[in-house]
file upload09.cif (mmCIF, C-alpha atoms and all ligand atoms)
data_work
#
loop_
_atom_site.label_atom_id
_atom_site.label_comp_id
_atom_site.auth_asym_id
_atom_site.auth_seq_id
_atom_site.Cartn_x
_atom_site.Cartn_y
_atom_site.Cartn_z
CA MET S 252 -11.13 9.22 -24.03
CA SER S 253 -14.34 10.18 -22.24
CA ASN S 254 -14.52 10.80 -18.52
CA LEU S 255 -15.12 7.87 -16.23
CA SER S 256 -16.52 7.95 -12.72
CA LEU S 257 -16.10 5.09 -10.26
CA LYS S 258 -17.86 4.70 -6.90
CA TYR S 259 -16.98 2.47 -3.97
CA VAL S 260 -18.51 1.84 -0.58
CA VAL S 261 -15.84 1.30 2.08
CA ASP S 262 -16.93 -1.04 4.86
CA ASN S 263 -15.41 -0.39 8.28
CA GLN S 264 -16.38 -3.73 9.78
CA ASP S 265 -13.86 -5.72 7.83
CA PHE S 266 -10.19 -4.74 7.99
CA THR S 267 -9.25 -7.62 5.71
CA ARG S 268 -11.17 -5.97 2.85
CA ALA S 269 -9.64 -2.51 3.31
CA GLY S 270 -7.83 -1.58 0.12
CA GLU S 271 -10.19 -3.37 -2.27
CA ALA S 272 -11.29 -0.09 -3.81
CA SER S 273 -7.72 1.12 -4.33
CA SER S 274 -6.78 -2.22 -5.81
CA ASP S 275 -9.66 -2.01 -8.29
CA VAL S 276 -8.77 1.56 -9.28
CA LYS S 277 -5.14 0.60 -9.82
CA LYS S 278 -6.18 -2.30 -12.05
CA LYS S 279 -8.54 -0.11 -14.10
CA LEU S 280 -6.03 2.75 -14.55
CA LYS S 281 -3.37 0.30 -15.73
CA MET S 282 -5.82 -1.24 -18.20
CA MET S 283 -6.70 2.22 -19.51
CA GLY S 284 -3.05 2.88 -20.21
CA VAL S 285 -2.56 5.69 -17.67
CA PRO S 286 1.21 6.31 -17.27
CA PRO S 287 2.73 4.14 -14.50
CA GLU S 288 3.91 7.13 -12.38
CA ALA S 289 0.37 8.49 -12.19
CA VAL S 290 -1.05 5.02 -11.44
CA ARG S 291 1.43 4.55 -8.63
CA LYS S 292 0.67 7.98 -7.13
CA VAL S 293 -3.07 7.34 -7.20
CA ALA S 294 -2.71 3.82 -5.78
CA ILE S 295 -0.57 4.83 -2.81
CA ALA S 296 -2.50 8.02 -1.96
CA MET S 297 -5.89 6.34 -2.25
CA TYR S 298 -4.86 3.24 -0.31
CA GLU S 299 -3.59 5.39 2.60
CA GLY S 300 -6.88 7.28 2.55
CA GLU S 301 -8.96 4.13 2.33
CA ILE S 302 -7.11 2.59 5.29
CA ASN S 303 -7.72 5.78 7.29
CA MET S 304 -11.45 5.54 6.55
CA VAL S 305 -11.46 2.02 7.95
CA ILE S 306 -9.25 2.50 11.02
CA HIS S 307 -10.17 6.06 12.08
CA ALA S 308 -13.67 6.63 10.70
CA ASN S 309 -16.69 4.43 10.16
CA GLY S 310 -16.01 3.61 6.56
CA GLY S 311 -17.63 5.72 3.89
CA GLU S 312 -17.67 6.30 0.17
CA ILE S 313 -15.00 6.90 -2.42
CA THR S 314 -15.59 8.47 -5.81
CA VAL S 315 -12.85 8.46 -8.42
CA ASP S 316 -13.22 10.64 -11.49
CA ILE S 317 -10.88 9.97 -14.35
CA THR S 318 -10.48 12.71 -16.93
CA PRO S 319 -7.90 12.87 -19.72
CA THR S 320 -5.70 15.18 -17.63
CA GLN S 321 -6.45 14.38 -14.01
CA ILE S 322 -7.58 11.71 -11.58
CA ILE S 323 -9.74 13.08 -8.79
CA MET S 324 -10.36 11.00 -5.67
CA ILE S 325 -13.01 12.02 -3.16
CA LEU S 326 -12.99 10.05 0.09
CA LYS S 327 -15.98 10.85 2.28
CA ASP S 328 -16.55 9.33 5.70
CA ASN S 329 -18.95 9.80 8.59
CA GLY S 330 -16.31 9.37 11.24
CA PRO S 331 -15.36 11.52 14.22
CA GLY S 332 -13.67 14.22 12.14
CA ILE S 333 -10.16 15.58 12.70
CA ALA S 334 -9.77 18.10 15.53
CA ASP S 335 -6.53 19.68 14.35
CA ILE S 336 -5.64 19.15 10.69
CA GLU S 337 -2.22 20.77 11.02
CA GLN S 338 -1.29 18.36 13.79
CA ALA S 339 -2.74 15.37 11.90
CA MET S 340 -0.62 16.29 8.87
CA GLN S 341 2.60 16.07 10.88
CA ALA S 342 4.70 13.00 10.16
CA GLY S 343 4.57 10.68 13.16
CA TRP S 344 1.41 12.05 14.73
CA SER S 345 -1.16 9.33 15.26
CA THR S 346 -4.07 8.48 17.53
CA ALA S 347 -3.99 4.83 16.43
CA SER S 348 -4.41 2.25 19.18
CA GLU S 349 -2.04 -0.60 19.97
CA ASN S 350 -4.50 -2.87 18.11
CA ILE S 351 -4.06 -0.92 14.92
CA ARG S 352 -0.28 -0.89 15.27
CA ALA S 353 -0.38 -4.68 15.60
CA LEU S 354 -2.04 -4.71 12.17
CA GLY S 355 0.93 -2.81 10.69
CA PHE S 356 -0.52 0.71 10.62
CA GLY S 357 -0.57 3.75 12.88
CA ALA S 358 2.84 5.34 12.35
CA GLY S 359 1.29 8.71 11.59
CA MET S 360 2.69 8.68 8.08
CA GLY S 361 -0.47 8.31 6.00
CA LEU S 362 -1.66 11.90 5.62
CA PRO S 363 1.81 13.31 4.84
CA ASN S 364 2.25 10.49 2.33
CA MET S 365 -1.10 11.30 0.71
CA LYS S 366 0.05 14.88 0.35
CA LYS S 367 3.36 13.76 -1.13
CA TYR S 368 1.78 11.54 -3.77
CA SER S 369 -1.08 13.83 -4.80
CA ASP S 370 -0.65 17.02 -6.80
CA GLU S 371 -3.41 18.69 -4.82
CA MET S 372 -5.01 17.70 -1.54
CA ASP S 373 -7.79 19.22 0.47
CA ILE S 374 -9.28 18.07 3.78
CA ASP S 375 -12.74 19.16 4.80
CA THR S 376 -13.63 17.96 8.28
CA VAL S 377 -16.32 18.63 10.87
CA LEU S 378 -16.02 17.15 14.35
CA GLY S 379 -18.69 14.55 14.98
CA VAL S 380 -19.87 14.69 11.38
CA GLY S 381 -17.10 13.36 9.19
CA THR S 382 -14.19 14.03 6.90
CA THR S 383 -13.90 14.47 3.17
CA VAL S 384 -10.46 14.22 1.64
CA THR S 385 -10.10 15.31 -1.98
CA MET S 386 -6.92 14.40 -3.84
CA LYS S 387 -5.96 15.16 -7.40
CA VAL S 388 -3.23 13.53 -9.44
CA ASN S 389 -2.28 15.09 -12.76
CA ILE S 390 -1.71 12.97 -15.79
CA CYS S 391 1.31 14.41 -17.51
CA VAL S 392 -0.05 16.18 -20.61
CA SER S 393 2.59 14.70 -22.87
CA HIS S 394 1.24 11.21 -22.18
CA LYS S 395 -2.44 12.03 -22.17
CA ILE S 396 -4.72 8.99 -22.23
CA MET D 1253 19.93 -11.89 -8.27
CA THR D 1254 16.68 -13.65 -9.07
CA ILE D 1255 13.76 -14.50 -6.81
CA ALA D 1256 15.01 -18.09 -6.91
CA ASP D 1257 18.30 -16.86 -5.35
CA VAL D 1258 16.35 -15.09 -2.59
CA LYS D 1259 14.53 -18.36 -1.87
CA ARG D 1260 17.79 -20.30 -1.72
CA LEU D 1261 19.61 -17.74 0.45
CA LEU D 1262 16.75 -17.47 2.95
CA LYS D 1263 16.12 -21.24 2.93
CA ALA D 1264 12.54 -20.34 2.16
CA GLU D 1265 9.56 -22.27 0.94
CA ILE D 1266 7.61 -20.87 -2.04
CA LEU D 1267 3.89 -20.53 -1.22
CA CYS D 1268 2.76 -19.11 -4.56
CA GLY D 1269 4.09 -17.61 -7.77
CA GLU D 1270 6.60 -20.39 -8.49
CA GLU D 1271 6.29 -19.49 -12.20
CA TYR D 1272 7.85 -16.05 -11.60
CA ILE D 1273 10.93 -17.05 -9.62
CA SER D 1274 13.31 -16.40 -12.49
CA LYS D 1275 12.51 -12.66 -12.33
CA ASP D 1276 15.39 -10.35 -11.44
CA VAL D 1277 15.36 -8.33 -8.22
CA HIS D 1278 17.82 -5.61 -7.24
CA THR D 1279 16.47 -4.05 -4.07
CA ALA D 1280 14.66 -5.10 -0.92
CA CYS D 1281 13.13 -3.68 2.22
CA GLY D 1282 12.22 -5.17 5.57
CA SER D 1283 9.49 -3.96 7.93
CA ASP D 1284 6.62 -5.14 10.08
CA MET D 1285 4.92 -1.75 9.70
CA MET D 1286 3.05 -1.29 6.43
CA SER D 1287 2.82 2.44 7.26
CA ASP D 1288 6.58 2.67 6.92
CA VAL D 1289 6.69 0.59 3.74
CA LEU D 1290 4.13 2.95 2.17
CA ALA D 1291 5.92 6.07 3.35
CA PHE D 1292 9.60 5.25 2.85
CA VAL D 1293 9.93 2.58 0.24
CA LYS D 1294 10.78 3.53 -3.28
CA ASP D 1295 11.16 1.03 -6.10
CA GLN D 1296 11.96 -1.94 -3.93
CA SER D 1297 11.04 -5.29 -5.41
CA VAL D 1298 11.28 -7.58 -2.38
CA LEU D 1299 9.51 -7.11 0.97
CA LEU D 1300 10.56 -9.03 4.06
CA THR D 1301 8.01 -8.91 6.84
CA GLY D 1302 6.91 -10.65 10.01
CA LEU D 1303 3.42 -9.15 9.71
CA CYS D 1304 0.91 -11.64 8.45
CA ASN D 1305 -2.35 -10.12 7.18
CA PRO D 1306 -3.98 -9.31 3.82
CA GLN D 1307 -2.77 -5.71 3.98
CA VAL D 1308 0.78 -6.96 3.40
CA ILE D 1309 -0.34 -8.17 -0.04
CA ARG D 1310 -2.25 -4.95 -0.76
CA THR D 1311 0.69 -2.80 0.32
CA ALA D 1312 2.97 -4.79 -1.98
CA GLU D 1313 0.47 -4.35 -4.79
CA MET D 1314 0.33 -0.55 -4.38
CA MET D 1315 4.13 -0.27 -4.17
CA ASP D 1316 4.78 -2.56 -7.17
CA ILE D 1317 6.68 -5.00 -4.95
CA ILE D 1318 6.84 -8.36 -6.74
CA CYS D 1319 8.07 -10.72 -4.04
CA ILE D 1320 7.05 -11.04 -0.38
CA CYS D 1321 8.95 -13.14 2.12
CA PHE D 1322 7.27 -13.86 5.45
CA ILE D 1323 9.98 -14.33 8.06
CA ARG D 1324 10.24 -15.72 11.62
CA GLY D 1325 8.31 -18.82 10.58
CA LYS D 1326 5.09 -16.88 9.91
CA ARG D 1327 2.76 -18.76 7.56
CA PRO D 1328 -0.06 -16.73 5.97
CA GLU D 1329 -3.60 -18.13 5.73
CA GLU D 1330 -4.79 -19.59 2.44
CA SER D 1331 -6.94 -16.51 1.72
CA ILE D 1332 -3.85 -14.29 1.92
CA ILE D 1333 -1.96 -16.53 -0.49
CA GLU D 1334 -4.93 -16.46 -2.89
CA LEU D 1335 -4.92 -12.67 -2.83
CA ALA D 1336 -1.22 -12.71 -3.80
CA GLU D 1337 -1.78 -15.33 -6.47
CA GLU D 1338 -4.46 -13.19 -8.16
CA ARG D 1339 -1.94 -10.35 -8.34
CA GLY D 1340 0.88 -12.44 -9.75
CA LEU D 1341 3.11 -12.01 -6.69
CA VAL D 1342 5.66 -14.47 -5.40
CA VAL D 1343 5.14 -15.36 -1.74
CA MET D 1344 7.65 -17.34 0.29
CA ALA D 1345 8.18 -18.16 3.95
CA SER D 1346 11.43 -18.46 5.88
CA ASP D 1347 12.21 -19.27 9.50
CA MET D 1348 14.95 -16.62 9.65
CA ARG D 1349 14.72 -13.49 11.78
CA MET D 1350 14.53 -10.06 10.17
CA PHE D 1351 18.13 -9.00 10.87
CA GLU D 1352 19.57 -12.25 9.63
CA ALA D 1353 17.41 -12.35 6.47
CA CYS D 1354 18.20 -8.74 5.54
CA GLY D 1355 21.90 -9.23 6.27
CA ILE D 1356 22.17 -12.29 4.05
CA LEU D 1357 20.42 -10.63 1.11
CA TYR D 1358 22.44 -7.45 1.53
CA THR D 1359 25.76 -9.28 1.64
CA ASN D 1360 24.78 -11.17 -1.48
CA GLY D 1361 24.16 -8.03 -3.48
CA LEU D 1362 20.63 -6.77 -2.90
CA SER D 1363 20.73 -3.07 -2.13
CA GLY D 1364 19.06 -0.94 0.47
CA GLY D 1365 15.54 -0.87 1.71
CA ALA D 1366 13.57 1.89 3.37
CA LYS D 1367 14.95 5.24 2.31
CA VAL D 1368 14.32 8.48 4.15
CA GLU D 1369 14.12 11.50 1.87
N1 LIG S 1401 -10.64 9.91 7.99
C1 LIG S 1401 -10.25 10.25 9.23
N2 LIG S 1401 -11.15 10.47 10.20
C2 LIG S 1401 -10.76 10.81 11.44
N3 LIG S 1401 -9.48 10.96 11.82
C3 LIG S 1401 -8.53 10.76 10.89
C4 LIG S 1401 -8.85 10.40 9.55
N4 LIG S 1401 -7.69 10.30 8.86
C5 LIG S 1401 -6.71 10.59 9.72
N5 LIG S 1401 -7.19 10.86 10.96
C6 LIG S 1401 -6.42 11.26 12.16
O1 LIG S 1401 -5.17 11.80 11.75
C7 LIG S 1401 -4.10 11.01 12.34
C8 LIG S 1401 -2.96 10.94 11.36
O2 LIG S 1401 -3.35 10.18 10.19
P1 LIG S 1401 -2.23 9.44 9.35
O3 LIG S 1401 -2.90 8.70 8.24
O4 LIG S 1401 -1.17 10.41 9.00
O5 LIG S 1401 -1.59 8.43 10.40
P2 LIG S 1401 -2.17 7.05 10.96
O6 LIG S 1401 -3.32 6.59 10.13
O7 LIG S 1401 -2.43 7.22 12.40
O8 LIG S 1401 -0.94 6.08 10.74
P3 LIG S 1401 -0.42 5.53 9.31
O9 LIG S 1401 -1.16 6.25 8.25
O10 LIG S 1401 1.04 5.79 9.29
O11 LIG S 1401 -0.73 4.08 9.32
C9 LIG S 1401 -4.74 9.69 12.68
O12 LIG S 1401 -4.05 9.01 13.70
C10 LIG S 1401 -6.13 10.10 13.09
O13 LIG S 1401 -6.15 10.63 14.40
MG MG S 1402 -3.16 6.53 8.03
#
call {"tool": "encode", "arguments": {"input": "upload09.cif", "output": "structure tokens"}}
result
Amino acid sequence: MSNLSLKYVVDNQDFTRAGEASSDVKKKLKMMGVPPEAVRKVAIAMYEGEINMVIHANGGEITVDITPTQIIMILKDNGPGIADIEQAMQAGWSTASENIRALGFGAGMGLPNMKKYSDEMDIDTVLGVGTTVTMKVNICVSHKI
Amino acid sequence: MTIADVKRLLKAEILCGEEYISKDVHTACGSDMMSDVLAFVKDQSVLLTGLCNPQVIRTAEMMDIICICFIRGKRPEESIIELAEERGLVVMASDMRMFEACGILYTNGLSGGAKVE
């Protein structure tokens, strides 16, 4: 199978649409016959990241590259940036407002969960400029697509 | 038990996915926080929630949850039901409270929800 690259614009004005990109990626990976464990890891990690882009940043862009051995997600936003990555990575640490909690998010579990479900994760952030989160999920070689 | 049993036990009304109610379910979870569902749930097939927005459907989709029951008399908007319909999910609504709904399903054989690792 040849490499495939998908691009999505994530709108921050509309919370109801958050997750559309992750939903589309999940659908496509399933159709391509990617093993279910890898699909699930990508779906959960990307959805958490997409929600973060909507609730903490000003939306942004997601690129997903699918290779025969790996799925690479790059989530780039122009939000406020993260002041202390180590703190942000701690389970339970959140700056989410009461409004966001009323929508069912803001437990401070997203970033640790993204780390758990991706095989590699890297956060590149500059205060006042934005954040780029790169996550990689390996496709088990024995069930290569 | 099947999804039809869940409906009966929770005295719920099916809002979409009637055609799938004979599917088997073994585990359930209950939460109003999608953050917690995403972080702690593992292989649960039923979600009980009092939160009523489209992200409930998307969270279920990502977690491979096949049946959502809105509790405490919450009724989702048509657009939320449509989203679930497109994904082949069963959506139902019950007037029960969270504790009661979970207790009834648990006593009748559905096993545990949110699991801390
Ligand atoms: N893209 C981002 N831009 C700016 N800040 C971010 C971004 N992603 C995360 N953060 C910061 O890191 C904190 C922790 O993020 P994390 O996803 O773990 O939790 P949360 O989004 O607050 O809650 P949850 O993910 O459980 O719904 C956030 O509260 C926010 O302050
Ligand atoms: Mg988050």
call {"tool": "residues_near_ligand", "arguments": {"input": "upload09.cif", "ligand": "ligand LIG 1401 (chain S)", "cutoff": "6 Å", "atoms": "all atoms listed in the file", "output": "number ranges by chain"}}
result
S: 303-304, 307-308, 330-333, 339-340, 344-347, 356-363, 382; D: 1287
call {"tool": "atom_distance", "arguments": {"input": "upload09.cif", "atom1": "atom CA of Gly310 of chain S", "atom2": "atom CA of Leu255 of chain S"}}
result
23.2 Å
call {"tool": "residues_around", "arguments": {"input": "upload09.cif", "residues": "segment 1257-1272 of chain D", "least_positions_apart": "2", "cutoff": "12 Å", "atoms": "all atoms listed in the file", "output": "ChimeraX atom specification"}}
result
/D:1253-1255,1274-1280,1297-1300,1318-1362
call {"tool": "interface_residues", "arguments": {"input": "upload09.cif", "of": "chain D", "to": "chain S", "cutoff": "7 Å", "atoms": "all atoms listed in the file", "output": "tab-separated table (two decimals) with C-alpha atoms, in the frame of the given file"}}
result
chain	number	residue	atom	x	y	z
D	1284	ASP	CA	6.62	-5.14	10.08
D	1285	MET	CA	4.92	-1.75	9.70
D	1286	MET	CA	3.05	-1.29	6.43
D	1287	SER	CA	2.82	2.44	7.26
D	1291	ALA	CA	5.92	6.07	3.35
D	1303	LEU	CA	3.42	-9.15	9.71
D	1306	PRO	CA	-3.98	-9.31	3.82
D	1307	GLN	CA	-2.77	-5.71	3.98
D	1310	ARG	CA	-2.25	-4.95	-0.76
D	1314	MET	CA	0.33	-0.55	-4.38
call {"tool": "closest_residue", "arguments": {"input": "upload09.cif", "among": "D:Gln1296, D:Ile1309, D:Asp1288, D:Asp1316", "to": "ligand MG 1402 (chain S)", "atoms": "all atoms listed in the file"}}
result
D:Asp1288
call {"tool": "atom_distance", "arguments": {"input": "upload09.cif", "atom1": "atom CA of Ser256 of chain S", "atom2": "atom CA of Met324 of chain S"}}
result
9.8 Å
call {"tool": "residues_around", "arguments": {"input": "upload09.cif", "residues": "Ile322 of chain S", "least_positions_apart": "5", "cutoff": "7 Å", "atoms": "all atoms listed in the file", "output": "list in words"}}
result
Val315, Asp316, Ile317, Lys387, Val388 and Asn389 of chain S
call {"tool": "closest_residue", "arguments": {"input": "upload09.cif", "among": "D:Leu1290, D:Ala1312, D:Gly1364, D:Asp1295", "to": "ligand MG 1402 (chain S)", "atoms": "all atoms listed in the file"}}
result
D:Leu1290
call {"tool": "atom_distance", "arguments": {"input": "upload09.cif", "atom1": "atom CA of Gly381 of chain S", "atom2": "atom CA of Thr318 of chain S"}}
result
27.0 Å
call {"tool": "axis_aligned_box", "arguments": {"input": "upload09.cif", "around": "segment 1328-1336 of chain D", "padding_each_side": "3 Å", "output": "JSON"}}
result
{"center_x": -3.5, "center_y": -16.1, "center_z": 1.1, "size_x": 12.9, "size_y": 12.9, "size_z": 15.8}
call {"tool": "build_atoms", "arguments": {"input": "upload09.cif", "residues": "segment 276-299 of chain S", "atoms": "N, CA, C and O atoms", "output": "mmCIF file, in the coordinates of the input"}}
result
data_model
loop_
_atom_site.group_PDB
_atom_site.id
_atom_site.type_symbol
_atom_site.label_atom_id
_atom_site.label_comp_id
_atom_site.auth_asym_id
_atom_site.auth_seq_id
_atom_site.Cartn_x
_atom_site.Cartn_y
_atom_site.Cartn_z
ATOM 1 N N VAL S 276 -9.114 0.346 -8.518
ATOM 2 C CA VAL S 276 -8.770 1.560 -9.280
ATOM 3 C C VAL S 276 -7.412 1.364 -9.963
ATOM 4 O O VAL S 276 -7.236 1.694 -11.133
ATOM 5 N N LYS S 277 -6.472 0.803 -9.230
ATOM 6 C CA LYS S 277 -5.140 0.600 -9.820
ATOM 7 C C LYS S 277 -5.239 -0.289 -11.058
ATOM 8 O O LYS S 277 -4.659 0.025 -12.103
ATOM 9 N N LYS S 278 -5.998 -1.377 -10.926
ATOM 10 C CA LYS S 278 -6.180 -2.300 -12.050
ATOM 11 C C LYS S 278 -6.787 -1.577 -13.249
ATOM 12 O O LYS S 278 -6.314 -1.697 -14.369
ATOM 13 N N LYS S 279 -7.840 -0.790 -12.995
ATOM 14 C CA LYS S 279 -8.540 -0.110 -14.100
ATOM 15 C C LYS S 279 -7.632 0.934 -14.767
ATOM 16 O O LYS S 279 -7.607 1.032 -15.993
ATOM 17 N N LEU S 280 -6.899 1.710 -13.971
ATOM 18 C CA LEU S 280 -6.030 2.750 -14.550
ATOM 19 C C LEU S 280 -4.959 2.125 -15.434
ATOM 20 O O LEU S 280 -4.632 2.631 -16.504
ATOM 21 N N LYS S 281 -4.397 1.008 -14.959
ATOM 22 C CA LYS S 281 -3.370 0.300 -15.730
ATOM 23 C C LYS S 281 -3.953 -0.159 -17.055
ATOM 24 O O LYS S 281 -3.332 0.013 -18.106
ATOM 25 N N MET S 282 -5.163 -0.740 -16.989
ATOM 26 C CA MET S 282 -5.820 -1.240 -18.200
ATOM 27 C C MET S 282 -6.102 -0.109 -19.181
ATOM 28 O O MET S 282 -6.064 -0.307 -20.393
ATOM 29 N N MET S 283 -6.389 1.081 -18.650
ATOM 30 C CA MET S 283 -6.700 2.220 -19.510
ATOM 31 C C MET S 283 -5.445 2.838 -20.111
ATOM 32 O O MET S 283 -5.531 3.771 -20.904
ATOM 33 N N GLY S 284 -4.286 2.379 -19.654
ATOM 34 C CA GLY S 284 -3.050 2.880 -20.210
ATOM 35 C C GLY S 284 -2.571 4.197 -19.598
ATOM 36 O O GLY S 284 -1.776 4.932 -20.200
ATOM 37 N N VAL S 285 -3.052 4.497 -18.381
ATOM 38 C CA VAL S 285 -2.560 5.690 -17.670
ATOM 39 C C VAL S 285 -1.077 5.466 -17.360
ATOM 40 O O VAL S 285 -0.675 4.357 -16.994
ATOM 41 N N PRO S 286 -0.226 6.494 -17.517
ATOM 42 C CA PRO S 286 1.210 6.310 -17.270
ATOM 43 C C PRO S 286 1.482 5.756 -15.868
ATOM 44 O O PRO S 286 0.839 6.179 -14.902
ATOM 45 N N PRO S 287 2.448 4.824 -15.757
ATOM 46 C CA PRO S 287 2.730 4.140 -14.500
ATOM 47 C C PRO S 287 2.972 5.082 -13.315
ATOM 48 O O PRO S 287 2.572 4.775 -12.194
ATOM 49 N N GLU S 288 3.639 6.233 -13.530
ATOM 50 C CA GLU S 288 3.910 7.130 -12.380
ATOM 51 C C GLU S 288 2.602 7.640 -11.795
ATOM 52 O O GLU S 288 2.447 7.725 -10.579
ATOM 53 N N ALA S 289 1.653 7.985 -12.668
ATOM 54 C CA ALA S 289 0.370 8.490 -12.190
ATOM 55 C C ALA S 289 -0.409 7.368 -11.499
ATOM 56 O O ALA S 289 -1.030 7.583 -10.448
ATOM 57 N N VAL S 290 -0.339 6.163 -12.049
ATOM 58 C CA VAL S 290 -1.050 5.020 -11.440
ATOM 59 C C VAL S 290 -0.520 4.775 -10.036
ATOM 60 O O VAL S 290 -1.280 4.597 -9.085
ATOM 61 N N ARG S 291 0.807 4.825 -9.916
ATOM 62 C CA ARG S 291 1.430 4.550 -8.630
ATOM 63 C C ARG S 291 1.045 5.629 -7.594
ATOM 64 O O ARG S 291 0.730 5.332 -6.447
ATOM 65 N N LYS S 292 1.033 6.886 -8.043
ATOM 66 C CA LYS S 292 0.670 7.980 -7.130
ATOM 67 C C LYS S 292 -0.766 7.811 -6.638
ATOM 68 O O LYS S 292 -1.047 7.927 -5.441
ATOM 69 N N VAL S 293 -1.668 7.531 -7.571
ATOM 70 C CA VAL S 293 -3.070 7.340 -7.200
ATOM 71 C C VAL S 293 -3.218 6.163 -6.241
ATOM 72 O O VAL S 293 -3.882 6.256 -5.212
ATOM 73 N N ALA S 294 -2.561 5.032 -6.582
ATOM 74 C CA ALA S 294 -2.710 3.820 -5.780
ATOM 75 C C ALA S 294 -2.265 4.045 -4.343
ATOM 76 O O ALA S 294 -2.984 3.712 -3.398
ATOM 77 N N ILE S 295 -1.098 4.647 -4.157
ATOM 78 C CA ILE S 295 -0.570 4.830 -2.810
ATOM 79 C C ILE S 295 -1.421 5.839 -2.030
ATOM 80 O O ILE S 295 -1.826 5.589 -0.894
ATOM 81 N N ALA S 296 -1.723 6.975 -2.659
ATOM 82 C CA ALA S 296 -2.500 8.020 -1.960
ATOM 83 C C ALA S 296 -3.887 7.506 -1.589
ATOM 84 O O ALA S 296 -4.360 7.701 -0.461
ATOM 85 N N MET S 297 -4.528 6.812 -2.518
ATOM 86 C CA MET S 297 -5.890 6.340 -2.250
ATOM 87 C C MET S 297 -5.900 5.232 -1.208
ATOM 88 O O MET S 297 -6.769 5.190 -0.339
ATOM 89 N N TYR S 298 -4.928 4.345 -1.272
ATOM 90 C CA TYR S 298 -4.860 3.240 -0.310
ATOM 91 C C TYR S 298 -4.672 3.786 1.115
ATOM 92 O O TYR S 298 -5.341 3.353 2.061
ATOM 93 N N GLU S 299 -3.783 4.763 1.282
ATOM 94 C CA GLU S 299 -3.590 5.390 2.600
ATOM 95 C C GLU S 299 -4.919 5.983 3.097
ATOM 96 O O GLU S 299 -5.276 5.850 4.263
#
